[in-house]
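Chemist: Attaching a single structure in structure tokens format; questions to follow.
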Amino acid sequence: MPVLLGPFSWSMMGLTALVAVVVVVIQMGISGLLVSPTETQNDEIMALIHSPLGLLTLVCTNIISPVLEELLFRGIVQNTLRRYLPVLGAIILTNAVFALGHGYQLASTVGIFITGCGFSWLVLKTKQLSTAMGCHILVNWLVTLINMMWG
């Protein structure tokens, strides 16, 4: 069972950042291949960021939500499923629910599933939930910046 916070290491931070960049590139590739139209959720979030609620939106979508989602999906769901299923089964089921719970179209759902698998791999590799939280936060910030610059 992973711990929330373990010992800090620069190599673990580097691994977390590398996984974040790789899953964002995969997400963008999948969206490009499947030619997904712009998600209305992204438009709504971008509108909120440019509104008086901008700072609150950024904090909620890029810090609070990733931490709470990792506590729920990797911390509770995946760990509970690992008691009853093989590791791979627990990862697949956890991330299917994680991806479908975001309510996006097919291209984004597939990308989010793969991203969640990256988060799960980090938890298994490092035995720390904090690496998945950090990676999730970084992924959300990267996607936000990409949407703000080119969206």
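Residue names in the structure tokens use chain letters A, B, ... in the order shown, residue numbers from 1 in each chain, and ligand numbers from 1 in the order shown.
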So that each row is one residue of stretch 19-94 of chain A with an atom at most 10 Å from stretch 114-124 of chain A, can you give its shortest atom pair and the distance in Å to one decimal, using only C-alpha atoms, rows by chain and rising number, as a tab-separated table?

Modeler:
```
residue	atom	partner	partner_atom	distance
A:Val19	CA	A:Gly118	CA	6.6
A:Ala20	CA	A:Gly118	CA	8.1
A:Val22	CA	A:Thr115	CA	8.9
A:Val23	CA	A:Thr115	CA	5.3
A:Val24	CA	A:Thr115	CA	7.6
A:Ile26	CA	A:Ile114	CA	8.0
A:Gln27	CA	A:Thr115	CA	7.5
A:Glu70	CA	A:Phe119	CA	8.4
A:Phe73	CA	A:Gly116	CA	9.0
A:Arg74	CA	A:Ser120	CA	6.4
A:Gly75	CA	A:Val123	CA	9.1
A:Gln78	CA	A:Ser120	CA	8.2
A:Val87	CA	A:Leu124	CA	9.3
A:Leu88	CA	A:Cys117	CA	9.8
A:Ala90	CA	A:Ser120	CA	9.6
A:Ile91	CA	A:Ser120	CA	6.6
A:Ile92	CA	A:Cys117	CA	7.5
A:Thr94	CA	A:Gly116	CA	8.4
```

Chemist: Please identify the alpha helix (DSSP H) residues within chain A (assignment by DSSP from backbone atoms) and present them as a ChimeraX atom specification.

Modeler: /A:10-33,40-49,54-59,65-70,78-82,87-101,106-126,129-150

Chemist: Using only C-alpha atoms, which protein or nucleic acid residues come within 12 Å of A:Leu33? Drop anything in the same chain fewer than 6 positions from it, and give the result as a list of chain:residue names.

Modeler: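 Using only C-alpha atoms, the neighbours found are A:Ile26, A:Gln27, A:Leu106, A:Ala107, A:Ser108, A:Val110, A:Gly111.
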
Chemist: Restricting the output to N, CA and C atoms, write the selected residues as a PDB file, in the first residue's frame.

Modeler:
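Final file, result.pdb:
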```pdb
ATOM      1  N   ILE A  26       1.162  12.076 -25.377  1.00  0.00           N
ATOM      2  CA  ILE A  26       0.278  10.989 -25.825  1.00  0.00           C
ATOM      3  C   ILE A  26      -1.155  11.494 -25.973  1.00  0.00           C
ATOM      4  N   GLN A  27      -1.628  12.258 -24.981  1.00  0.00           N
ATOM      5  CA  GLN A  27      -2.985  12.816 -25.061  1.00  0.00           C
ATOM      6  C   GLN A  27      -3.155  13.661 -26.316  1.00  0.00           C
ATOM      7  N   LEU A 106     -14.636  10.585 -26.960  1.00  0.00           N
ATOM      8  CA  LEU A 106     -13.808   9.391 -27.076  1.00  0.00           C
ATOM      9  C   LEU A 106     -12.310   9.681 -27.055  1.00  0.00           C
ATOM     10  N   ALA A 107     -11.836  10.609 -27.864  1.00  0.00           N
ATOM     11  CA  ALA A 107     -10.393  10.871 -27.943  1.00  0.00           C
ATOM     12  C   ALA A 107      -9.842  11.292 -26.585  1.00  0.00           C
ATOM     13  N   SER A 108     -10.528  12.174 -25.915  1.00  0.00           N
ATOM     14  CA  SER A 108     -10.065  12.633 -24.608  1.00  0.00           C
ATOM     15  C   SER A 108     -10.182  11.539 -23.557  1.00  0.00           C
ATOM     16  N   VAL A 110      -9.873   8.288 -24.010  1.00  0.00           N
ATOM     17  CA  VAL A 110      -8.753   7.365 -24.210  1.00  0.00           C
ATOM     18  C   VAL A 110      -7.467   7.988 -23.661  1.00  0.00           C
ATOM     19  N   GLY A 111      -7.245   9.262 -23.950  1.00  0.00           N
ATOM     20  CA  GLY A 111      -6.062   9.953 -23.451  1.00  0.00           C
ATOM     21  C   GLY A 111      -6.030  10.017 -21.934  1.00  0.00           C
TER      22      GLY A 111
END
```

Chemist: Compile the contact shell of A:Thr126 as a PyMOL selection string: residues with an atom at most 10 Å away, counting only C-alpha atoms, same-chain residues fewer than 2 positions apart removed.

Modeler: chain A and resi 2-3+6+12+15-16+121-124+128-132

Chemist: With only C-alpha atoms as the counted atoms, please give the residues lying no more than 9 Å from A:Met13, apart from itself and same-chain residues fewer than 3 positions off, as JSON, numbers by chain.

Modeler: {"A": [8, 9, 10, 16, 17, 18, 131, 134, 135]}

Chemist: Convert the current residue selection to file output with all heavy atoms, as a JSON list (two decimals), in the first residue's frame.

Modeler:
```
[["chain", "number", "residue", "atom", "x", "y", "z"],
["A", 8, "PHE", "N", 11.88, 12.53, 0.01],
["A", 8, "PHE", "CA", 12.03, 13.31, -1.22],
["A", 8, "PHE", "C", 13.32, 12.90, -1.93],
["A", 8, "PHE", "O", 14.33, 12.66, -1.30],
["A", 8, "PHE", "CB", 12.10, 14.81, -0.88],
["A", 8, "PHE", "CG", 12.42, 15.67, -2.06],
["A", 8, "PHE", "CD1", 11.42, 16.07, -2.92],
["A", 8, "PHE", "CD2", 13.73, 16.06, -2.34],
["A", 8, "PHE", "CE1", 11.71, 16.86, -4.02],
["A", 8, "PHE", "CE2", 14.02, 16.84, -3.43],
["A", 8, "PHE", "CZ", 13.01, 17.25, -4.27],
["A", 9, "SER", "N", 13.24, 12.84, -3.27],
["A", 9, "SER", "CA", 14.47, 12.66, -4.05],
["A", 9, "SER", "C", 14.30, 13.38, -5.38],
["A", 9, "SER", "O", 13.20, 13.43, -5.94],
["A", 9, "SER", "CB", 14.78, 11.18, -4.26],
["A", 9, "SER", "OG", 13.98, 10.63, -5.27],
["A", 10, "TRP", "N", 15.39, 13.93, -5.86],
["A", 10, "TRP", "CA", 15.35, 14.63, -7.15],
["A", 10, "TRP", "C", 15.05, 13.67, -8.28],
["A", 10, "TRP", "O", 14.37, 14.04, -9.25],
["A", 10, "TRP", "CB", 16.67, 15.37, -7.39],
["A", 10, "TRP", "CG", 16.77, 16.61, -6.55],
["A", 10, "TRP", "CD1", 17.55, 16.78, -5.45],
["A", 10, "TRP", "CD2", 16.03, 17.82, -6.71],
["A", 10, "TRP", "NE1", 17.34, 18.02, -4.91],
["A", 10, "TRP", "CE2", 16.41, 18.69, -5.68],
["A", 10, "TRP", "CE3", 15.07, 18.25, -7.63],
["A", 10, "TRP", "CZ2", 15.89, 19.97, -5.54],
["A", 10, "TRP", "CZ3", 14.55, 19.52, -7.49],
["A", 10, "TRP", "CH2", 14.95, 20.37, -6.46],
["A", 16, "THR", "N", 8.64, 11.91, -12.13],
["A", 16, "THR", "CA", 7.28, 12.46, -12.11],
["A", 16, "THR", "C", 7.09, 13.45, -13.26],
["A", 16, "THR", "O", 6.09, 13.39, -13.99],
["A", 16, "THR", "CB", 7.01, 13.15, -10.76],
["A", 16, "THR", "OG1", 7.12, 12.17, -9.72],
["A", 16, "THR", "CG2", 5.63, 13.78, -10.70],
["A", 17, "ALA", "N", 8.05, 14.34, -13.46],
["A", 17, "ALA", "CA", 7.96, 15.32, -14.55],
["A", 17, "ALA", "C", 8.02, 14.63, -15.91],
["A", 17, "ALA", "O", 7.28, 15.01, -16.83],
["A", 17, "ALA", "CB", 9.08, 16.35, -14.42],
["A", 18, "LEU", "N", 8.87, 13.64, -16.05],
["A", 18, "LEU", "CA", 8.98, 12.91, -17.31],
["A", 18, "LEU", "C", 7.66, 12.22, -17.66],
["A", 18, "LEU", "O", 7.19, 12.31, -18.80],
["A", 18, "LEU", "CB", 10.11, 11.88, -17.24],
["A", 18, "LEU", "CG", 10.28, 10.99, -18.47],
["A", 18, "LEU", "CD1", 10.69, 11.84, -19.68],
["A", 18, "LEU", "CD2", 11.30, 9.91, -18.20],
["A", 131, "THR", "N", 3.64, 11.18, -5.65],
["A", 131, "THR", "CA", 4.19, 11.29, -7.01],
["A", 131, "THR", "C", 3.07, 11.38, -8.04],
["A", 131, "THR", "O", 3.16, 12.16, -8.99],
["A", 131, "THR", "CB", 5.13, 10.12, -7.35],
["A", 131, "THR", "OG1", 4.44, 8.89, -7.16],
["A", 131, "THR", "CG2", 6.39, 10.16, -6.51],
["A", 134, "GLY", "N", 1.62, 14.91, -7.73],
["A", 134, "GLY", "CA", 2.49, 15.89, -8.39],
["A", 134, "GLY", "C", 2.41, 15.79, -9.89],
["A", 134, "GLY", "O", 2.35, 16.80, -10.60],
["A", 135, "CYS", "N", 2.40, 14.57, -10.41],
["A", 135, "CYS", "CA", 2.30, 14.37, -11.85],
["A", 135, "CYS", "C", 0.96, 14.88, -12.38],
["A", 135, "CYS", "O", 0.90, 15.55, -13.41],
["A", 135, "CYS", "CB", 2.47, 12.89, -12.17],
["A", 135, "CYS", "SG", 2.65, 12.52, -13.92]]
```

Chemist: A:Ile45: which residues within 12 Å, counting only C-alpha atoms, same-chain residues fewer than 5 positions away excluded, as a list in words?

Modeler: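 Everything that qualifies: Glu39, Thr40, His50, Ser51, Leu53, Gly54, Leu55, Leu56, Thr57, Leu58, Val59, Cys60, Thr61, Asn62, Asn140, Val143, Thr144, Asn147, Met148 and Gly151 of chain A.
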